[in-house]
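> Sharing work-v1.cif, mmCIF, C-alpha atoms:
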data_data
#
loop_
_atom_site.label_atom_id
_atom_site.label_comp_id
_atom_site.auth_asym_id
_atom_site.auth_seq_id
_atom_site.Cartn_x
_atom_site.Cartn_y
_atom_site.Cartn_z
CA MET A 1 -15.91 26.79 6.85
CA GLU A 2 -18.19 25.20 9.48
CA ASP A 3 -18.04 21.79 7.85
CA LEU A 4 -14.25 21.94 7.88
CA ALA A 5 -14.45 21.40 11.63
CA HIS A 6 -15.48 17.86 10.73
CA ALA A 7 -12.83 17.51 8.07
CA GLU A 8 -11.39 14.50 9.86
CA HIS A 9 -12.27 12.24 12.74
CA ASN A 10 -9.71 12.72 15.42
CA ARG A 11 -9.92 12.54 19.21
CA VAL A 12 -7.84 15.68 19.74
CA ARG A 13 -9.94 17.67 17.28
CA SER A 14 -13.19 16.62 18.93
CA ASN A 15 -11.78 17.91 22.23
CA THR A 16 -10.66 21.26 20.83
CA PRO A 17 -13.01 24.24 21.37
CA PRO A 18 -14.79 25.10 18.08
CA GLU A 19 -13.37 28.62 18.11
CA ILE A 20 -9.77 27.36 18.14
CA LEU A 21 -10.61 24.70 15.57
CA ARG A 22 -11.89 27.44 13.26
CA GLN A 23 -8.64 29.38 13.68
CA ILE A 24 -6.55 26.30 12.89
CA GLU A 25 -8.64 25.57 9.78
CA ALA A 26 -8.40 29.21 8.68
CA GLN A 27 -4.61 29.02 9.06
CA ILE A 28 -4.44 25.90 6.86
CA ALA A 29 -6.59 27.61 4.22
CA ARG A 30 -4.43 30.76 4.35
CA ASN A 31 -1.24 28.73 3.97
CA VAL A 32 -2.59 26.73 1.03
CA ARG A 33 -3.83 29.89 -0.74
CA TYR A 34 -0.48 31.57 -0.21
CA TYR A 35 1.67 28.68 -1.40
CA ALA A 36 -0.61 27.99 -4.39
CA ALA A 37 0.87 31.12 -5.93
CA GLN A 38 4.50 30.21 -5.22
CA PRO A 39 6.95 28.45 -7.55
CA ARG A 40 7.65 24.72 -7.20
CA GLU A 41 10.87 25.14 -5.16
CA ILE A 42 9.11 27.18 -2.50
CA ILE A 43 6.28 24.64 -2.34
CA ALA A 44 8.83 21.82 -2.01
CA GLN A 45 10.56 23.70 0.79
CA ARG A 46 7.27 24.19 2.57
CA ILE A 47 6.49 20.47 2.25
CA ASP A 48 9.81 19.62 3.96
CA GLU A 49 9.02 22.16 6.64
CA LEU A 50 5.61 20.59 7.22
CA GLU A 51 7.11 17.12 7.50
CA SER A 52 9.34 18.29 10.31
CA GLU A 53 6.71 20.40 12.07
CA TRP A 54 6.23 19.36 15.72
CA SER A 55 2.79 17.83 16.21
CA ILE A 56 0.69 18.21 19.36
CA GLU A 57 1.66 14.64 20.41
CA ARG A 58 5.30 15.54 20.44
CA TRP A 59 4.78 18.67 22.55
CA LEU A 60 2.70 16.73 25.05
CA GLU A 61 5.36 14.03 25.34
CA LEU A 62 8.03 16.67 25.89
CA LYS A 63 5.96 18.47 28.51
CA THR A 64 4.94 15.34 30.41
CA SER A 65 8.44 13.86 30.44
CA THR A 66 9.98 17.12 31.68
CA ILE A 67 7.45 17.58 34.50
CA GLY A 68 7.52 13.86 35.31
CA PHE A 69 11.30 13.65 35.47
CA THR A 70 11.67 16.81 37.59
CA THR A 71 9.01 15.82 40.12
CA LEU A 72 10.50 12.33 40.40
CA LEU A 73 13.93 13.77 41.15
CA LEU A 74 12.36 15.93 43.86
CA ALA A 75 10.49 12.90 45.22
CA LEU A 76 13.76 10.96 45.41
CA THR A 77 15.89 13.69 46.98
CA ARG A 78 13.43 15.83 48.96
CA ASN A 79 9.93 14.83 49.84
CA ARG A 80 8.27 11.78 48.33
CA ALA A 81 4.98 13.69 48.25
CA TRP A 82 6.27 15.22 44.99
CA GLY A 83 5.32 11.86 43.51
CA ILE A 84 1.68 12.94 43.70
CA LEU A 85 2.40 15.64 41.14
CA THR A 86 4.08 13.02 38.93
CA CYS A 87 0.92 10.91 39.14
CA ALA A 88 -1.19 13.88 38.03
CA ALA A 89 1.05 14.57 35.00
CA LEU A 90 1.06 10.88 34.02
CA GLY A 91 -2.68 10.57 34.56
CA PHE A 92 -3.22 13.49 32.18
CA MET A 93 -1.06 11.87 29.51
CA LEU A 94 -2.96 8.59 29.85
CA LEU A 95 -6.22 10.52 29.56
CA HIS A 96 -4.85 12.22 26.47
CA ALA A 97 -3.76 8.94 24.88
CA LEU A 98 -7.08 7.22 25.51
CA GLN A 99 -9.57 10.08 25.27
CA GLY A 100 -7.83 12.89 23.46
CA PHE A 101 -8.24 15.42 26.19
CA ASP A 102 -6.00 16.66 28.97
CA PRO A 103 -6.05 20.02 30.79
CA PRO A 104 -3.06 21.65 29.01
CA LEU A 105 -4.45 20.75 25.57
CA PRO A 106 -6.51 23.93 24.97
CA LEU A 107 -3.47 26.09 25.73
CA LEU A 108 -1.23 24.29 23.24
CA ARG A 109 -4.00 24.33 20.63
CA LYS A 110 -4.53 28.04 21.18
CA MET A 111 -0.84 28.58 20.50
CA GLY A 112 -1.49 26.98 17.11
CA VAL A 113 0.03 23.54 17.73
CA ARG A 114 -1.51 21.19 15.18
CA THR A 115 -2.23 17.48 15.02
CA ARG A 116 -0.26 15.47 12.46
CA GLY A 117 -3.52 15.00 10.54
CA GLU A 118 -3.99 18.77 10.23
CA ILE A 119 -0.38 19.24 9.14
CA ASP A 120 -0.80 16.43 6.60
CA ARG A 121 -3.90 18.04 5.12
CA GLU A 122 -1.90 21.15 4.30
CA LEU A 123 0.93 18.94 3.04
CA TYR A 124 -1.22 16.92 0.63
CA ALA A 125 -3.06 20.02 -0.61
CA LEU A 126 0.36 21.44 -1.55
CA LYS A 127 1.39 18.14 -3.15
CA ALA A 128 -1.78 18.28 -5.27
CA LEU A 129 -0.99 21.88 -6.24
CA ARG A 130 2.54 20.89 -7.13
CA GLY A 131 1.02 18.30 -9.44
CA ASP A 132 2.14 15.18 -7.56
CA PHE A 133 -1.07 13.40 -8.41
CA PRO A 134 -0.73 13.71 -12.17
CA ALA A 135 2.42 15.21 -13.72
CA THR A 136 1.47 18.71 -14.82
CA SER A 137 1.44 21.88 -12.80
CA ALA A 138 2.30 25.50 -13.33
CA THR A 139 1.20 28.96 -12.42
CA GLY A 140 -1.44 30.91 -14.29
CA SER A 141 -3.54 34.01 -13.77
CA ALA A 142 -4.23 35.10 -10.20
CA ALA A 143 -7.90 34.13 -10.48
CA ALA A 144 -7.02 30.67 -11.77
CA LEU A 145 -4.52 30.20 -8.94
CA ASN A 146 -7.17 30.97 -6.38
CA GLU A 147 -9.46 28.49 -8.05
CA ARG A 148 -6.79 25.79 -7.83
CA ALA A 149 -6.15 26.56 -4.16
CA GLU A 150 -9.86 26.23 -3.40
CA ALA A 151 -10.02 22.95 -5.32
CA ALA A 152 -7.03 21.62 -3.35
CA LEU A 153 -8.58 22.66 -0.05
CA LEU A 154 -11.78 20.92 -1.02
CA ALA A 155 -9.89 17.79 -2.05
CA VAL A 156 -8.11 17.25 1.28
CA LYS A 157 -11.37 17.59 3.15
CA GLN A 158 -13.15 14.39 4.18
CA MET B 1 16.64 1.20 2.12
CA ARG B 2 18.77 3.91 3.73
CA ASN B 3 16.56 5.40 6.36
CA ASP B 4 18.91 8.13 7.61
CA GLN B 5 17.41 10.19 4.74
CA GLU B 6 13.96 10.05 6.27
CA ILE B 7 12.60 13.40 7.43
CA ASP B 8 10.28 11.80 9.97
CA ARG B 9 12.19 11.14 13.19
CA VAL B 10 10.42 7.88 14.00
CA ARG B 11 10.96 6.48 10.49
CA ARG B 12 14.62 7.44 10.72
CA HIS B 13 14.96 5.38 13.91
CA THR B 14 13.05 2.35 12.71
CA PRO B 15 15.21 -0.63 11.69
CA PRO B 16 15.34 -0.72 7.85
CA ALA B 17 13.83 -4.21 7.62
CA THR B 18 10.85 -3.19 9.79
CA LEU B 19 10.41 0.00 7.79
CA GLU B 20 10.29 -2.00 4.56
CA GLY B 21 7.64 -4.25 6.06
CA ILE B 22 5.50 -1.28 7.16
CA ASP B 23 5.77 0.42 3.76
CA ALA B 24 4.97 -2.85 1.97
CA GLN B 25 1.85 -3.22 4.12
CA THR B 26 0.76 0.37 3.41
CA GLU B 27 1.28 -0.16 -0.32
CA ALA B 28 -0.61 -3.47 -0.28
CA ASN B 29 -3.50 -1.69 1.47
CA ILE B 30 -3.48 1.11 -1.12
CA ARG B 31 -3.45 -1.40 -3.97
CA PHE B 32 -6.30 -3.37 -2.47
CA PHE B 33 -8.60 -0.54 -1.39
CA SER B 34 -8.07 1.71 -4.42
CA THR B 35 -9.84 -0.88 -6.60
CA GLN B 36 -12.84 -0.98 -4.25
CA SER B 37 -16.02 1.07 -4.60
CA PRO B 38 -16.06 4.71 -3.37
CA ILE B 39 -18.23 3.62 -0.42
CA GLN B 40 -15.68 1.05 0.68
CA ILE B 41 -12.86 3.55 0.22
CA SER B 42 -14.73 6.04 2.39
CA ALA B 43 -15.21 3.41 5.09
CA ARG B 44 -11.48 2.61 4.94
CA ILE B 45 -10.60 6.33 5.26
CA ARG B 46 -12.78 6.55 8.37
CA GLU B 47 -10.99 3.50 9.76
CA LEU B 48 -7.57 5.03 9.02
CA GLU B 49 -8.46 8.24 10.85
CA GLN B 50 -9.23 6.18 13.93
CA GLU B 51 -6.17 3.94 13.69
CA TRP B 52 -3.89 4.22 16.75
CA SER B 53 -0.62 5.90 15.81
CA ILE B 54 2.75 4.94 17.29
CA GLU B 55 2.65 8.08 19.48
CA ARG B 56 -0.57 6.93 21.06
CA TYR B 57 0.79 3.47 21.84
CA LEU B 58 3.97 4.91 23.33
CA GLN B 59 2.09 7.48 25.44
CA THR B 60 -0.19 4.80 26.83
CA ASN B 61 2.72 2.46 27.51
CA ALA B 62 4.87 5.13 29.17
CA SER B 63 2.08 6.53 31.35
CA VAL B 64 0.98 3.10 32.59
CA VAL B 65 4.50 1.90 33.45
CA ALA B 66 5.61 5.20 35.02
CA LEU B 67 2.34 5.58 36.92
CA GLY B 68 2.84 2.08 38.36
CA GLY B 69 6.40 2.93 39.41
CA THR B 70 5.33 6.20 41.03
CA VAL B 71 2.47 4.62 42.99
CA LEU B 72 4.85 1.90 44.24
CA GLY B 73 7.39 4.60 45.10
CA LEU B 74 4.81 6.48 47.13
CA ALA B 75 3.58 3.36 48.92
CA PHE B 76 6.78 1.35 49.33
CA SER B 77 10.44 1.93 48.48
CA LYS B 78 11.55 5.23 46.96
CA LYS B 79 13.66 3.14 44.57
CA TRP B 80 10.59 2.59 42.43
CA PHE B 81 10.81 6.28 41.49
CA LEU B 82 13.98 5.38 39.58
CA LEU B 83 11.97 3.13 37.25
CA SER B 84 9.53 5.96 36.48
CA ALA B 85 12.39 8.43 36.03
CA ALA B 86 13.99 6.11 33.45
CA VAL B 87 10.68 5.88 31.55
CA MET B 88 10.36 9.70 31.61
CA GLY B 89 13.91 10.04 30.32
CA PHE B 90 13.14 7.73 27.41
CA LEU B 91 9.89 9.56 26.65
CA PHE B 92 11.86 12.80 26.51
CA GLN B 93 14.34 11.17 24.15
CA HIS B 94 11.48 9.94 22.00
CA ALA B 95 9.90 13.40 21.78
CA VAL B 96 13.17 15.04 20.82
CA GLN B 97 15.02 12.32 18.89
CA GLY B 98 12.36 9.86 17.83
CA TRP B 99 13.77 6.78 19.51
CA CYS B 100 13.04 4.99 22.77
CA PRO B 101 13.56 1.34 23.82
CA PRO B 102 9.98 0.10 23.20
CA LEU B 103 9.87 1.71 19.74
CA PRO B 104 11.37 -1.20 17.74
CA LEU B 105 8.91 -3.63 19.35
CA PHE B 106 5.82 -1.51 18.59
CA ARG B 107 7.07 -0.89 15.07
CA ARG B 108 7.63 -4.59 14.52
CA LEU B 109 4.05 -5.17 15.64
CA GLY B 110 3.00 -2.80 12.84
CA ALA B 111 2.23 0.44 14.72
CA ARG B 112 2.43 3.23 12.12
CA THR B 113 3.20 6.90 12.46
CA ARG B 114 0.33 9.28 11.67
CA GLY B 115 2.31 10.33 8.59
CA GLU B 116 2.35 6.73 7.32
CA ILE B 117 -1.36 6.34 8.00
CA ASP B 118 -2.06 9.64 6.21
CA ARG B 119 -0.05 8.49 3.21
CA GLU B 120 -2.50 5.62 2.80
CA LYS B 121 -5.44 7.95 3.48
CA PHE B 122 -4.51 10.55 0.87
CA SER B 123 -3.59 7.92 -1.73
CA LEU B 124 -7.07 6.49 -1.29
CA LYS B 125 -8.56 9.98 -1.55
CA ALA B 126 -6.71 10.34 -4.85
CA ALA B 127 -8.04 6.94 -5.96
CA ARG B 128 -11.56 8.07 -5.04
CA GLY B 129 -11.04 11.03 -7.38
CA ASP B 130 -10.86 13.75 -4.74
CA PHE B 131 -8.00 15.47 -6.54
CA GLU B 132 -9.61 15.39 -10.01
CA ILE B 133 -10.57 19.06 -10.07
CA VAL B 134 -7.09 20.16 -9.00
CA GLU B 135 -5.59 17.85 -11.62
CA ARG B 136 -7.81 19.32 -14.33
CA LEU B 137 -6.99 22.87 -13.28
CA ASN B 138 -3.29 22.00 -13.12
CA ALA B 139 -3.41 20.63 -16.65
CA SER B 140 -5.40 23.53 -18.09
CA GLN B 141 -2.87 26.03 -16.74
CA SER B 142 0.34 24.37 -17.81
CA ALA B 143 1.30 27.31 -20.03
CA THR B 144 4.04 28.50 -17.69
CA PRO B 145 4.56 32.25 -17.33
CA ASP B 146 8.04 33.68 -16.81
CA HIS B 147 7.61 34.62 -13.19
CA PRO B 148 5.30 33.41 -10.44
CA ILE B 149 2.57 35.66 -9.21
CA ASP B 150 2.96 37.18 -5.79
CA ASN B 151 -0.26 36.44 -3.99
CA THR B 152 0.56 37.74 -0.51
#
Here is a file; write its structure as structure tokens.

Amino acid sequence: MEDLAHAEHNRVRSNTPPEILRQIEAQIARNVRYYAAQPREIIAQRIDELESEWSIERWLELKTSTIGFTTLLLALTRNRAWGILTCAALGFMLLHALQGFDPPLPLLRKMGVRTRGEIDRELYALKALRGDFPATSATGSAAALNERAEAALLAVKQ
Amino acid sequence: MRNDQEIDRVRRHTPPATLEGIDAQTEANIRFFSTQSPIQISARIRELEQEWSIERYLQTNASVVALGGTVLGLAFSKKWFLLSAAVMGFLFQHAVQGWCPPLPLFRRLGARTRGEIDREKFSLKAARGDFEIVERLNASQSATPDHPIDNT
């Protein structure tokens, strides 16, 4: 499990507290183990769901644009000092884009918001289980299913 | 290529010709690197993980432009705030819809979504043989039972 924290090189992941990173990795593993036992249609549905899951980047863009727009309106109509707050929000986003860290990041990560890379690891593990890499896949005994899930989890790791 | 079928919001809002170009590039990369040695593939995977995604370019662009407008608004005319407000509006639209005015330009310059980068990454992982064990287990269990096993 420890080495999964280094499953991929990503600026957001290196700025996420190890404890939260462990939880996110555990969630991916739980999902893969669960879906490994499901029929193809359910796996396909889950893959679609994963493709439309909101990544951390999207949440940060939404948050920054909302705060930025509101404070700018206040700066225009009330007191221009509101612009200082806008600068702080924009500075954080720039910091996030360049460095991968900004103050609200730990909160979003704690709520389980994942990076696209993390979402894609679950996605490709499920694709492997579905048999997208060669053409054959099916269900078997419970023990064999677990073995396949573990193999898929291992495969999407760096 | 009809891109209104795309699940990814950014791909859906990329002009079809640009999208074809991006996919062709990804496929050319996969074809080239999958014939290389495992060491070279691993180096390429590392490179892909560090590649700047379209979100990162847009965030940098939006924060620099809007920050400039806000500083000018604070120092000089309040009208500069309008520039920043427009940028924030477009960023909001991008987060929700997947389109904003600078998007076509960045896409034409070849900026990929993380999903597109990951497609190359996981294809190369497959080429490196990372999925071999799953493939073997898949094949050895292809005697399909009548009902799936509930593993909750």
> I'd like to know which of B:Ser123, B:Gln141, B:Asn3, B:Gln93 is closest to Arg31 of chain B, using all atoms listed in the file.
B:Ser123
> Specify as an NGL selection string all residues of chain B found within 8 Å of chain A, counting all atoms listed in the file.
:B and (7-8 or 46 or 49-50 or 55-57 or 59-60 or 63-64 or 66-67 or 70-71 or 73-74 or 78-79 or 81-82 or 84-85 or 88-89 or 91-92 or 95-96 or 114-115 or 118 or 122 or 125-126 or 130-131 or 133-135 or 137-139 or 141-145 or 148-152)
> So how many Å separate atom CA of Leu109 of chain B and atom CA of Ala28 of chain B, to one decimal?
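So the answer is 16.7 Å.
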> What is the atom CA of Lys127 of chain A-atom CA of Glu6 of chain B distance in Å, reported with one decimal?
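Atom CA of Glu6 of chain B lies at a distance of 17.7 Å from atom CA of Lys127 of chain A.
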> Name the closest residue to Asn29 of chain B among the candidates B:Arg108, B:His94, B:Ile45, B:His13; distances are taken between atoms, counting all atoms listed in the file.
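For Asn29 of chain B, the nearest of the candidates is B:Ile45.
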> Can you work out the spacing between atom CA of Val113 of chain A and atom CA of Arg22 of chain A in Å, to one decimal?
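Between atom CA of Val113 of chain A and atom CA of Arg22 of chain A the gap works out to 13.3 Å.
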> Around (9.6, -2.1, 19.5), as given in the file, which residues come within 12 Å? Count only C-alpha atoms and list them as a PyMOL selection string.
chain B and resi 10+13-15+18-19+54+57-58+61+99-112
> I'd like to know which of B:Arg44, B:Gln5, B:Arg11, B:Phe32 is closest to Lys121 of chain B, using all atoms listed in the file.
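Closest to Lys121 of chain B, using all atoms listed in the file: B:Arg44.
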> Return as a PyMOL selection string the set of residues that the PyMOL selection byres ((chain A and resi 14) around 12) yields on the displayed structure.
chain A and resi 5-13+15-18+20-21+99-101+105-106+115
> Could you please take those selected residues and save C-alpha atoms as a JSON list (two decimals), in the frame of the given file?

[["chain", "number", "residue", "atom", "x", "y", "z"],
["A", 5, "ALA", "CA", -14.45, 21.40, 11.63],
["A", 6, "HIS", "CA", -15.48, 17.86, 10.73],
["A", 7, "ALA", "CA", -12.83, 17.51, 8.07],
["A", 8, "GLU", "CA", -11.39, 14.50, 9.86],
["A", 9, "HIS", "CA", -12.27, 12.24, 12.74],
["A", 10, "ASN", "CA", -9.71, 12.72, 15.42],
["A", 11, "ARG", "CA", -9.92, 12.54, 19.21],
["A", 12, "VAL", "CA", -7.84, 15.68, 19.74],
["A", 13, "ARG", "CA", -9.94, 17.67, 17.28],
["A", 15, "ASN", "CA", -11.78, 17.91, 22.23],
["A", 16, "THR", "CA", -10.66, 21.26, 20.83],
["A", 17, "PRO", "CA", -13.01, 24.24, 21.37],
["A", 18, "PRO", "CA", -14.79, 25.10, 18.08],
["A", 20, "ILE", "CA", -9.77, 27.36, 18.14],
["A", 21, "LEU", "CA", -10.61, 24.70, 15.57],
["A", 99, "GLN", "CA", -9.57, 10.08, 25.27],
["A", 100, "GLY", "CA", -7.83, 12.89, 23.46],
["A", 101, "PHE", "CA", -8.24, 15.42, 26.19],
["A", 105, "LEU", "CA", -4.45, 20.75, 25.57],
["A", 106, "PRO", "CA", -6.51, 23.93, 24.97],
["A", 115, "THR", "CA", -2.23, 17.48, 15.02]]
> Restricting the calculation to only C-alpha atoms, which member of A:Glu19, A:Ile56, A:Glu122, A:Ile28 is positioned closest to Asp102 of chain A?
A:Ile56
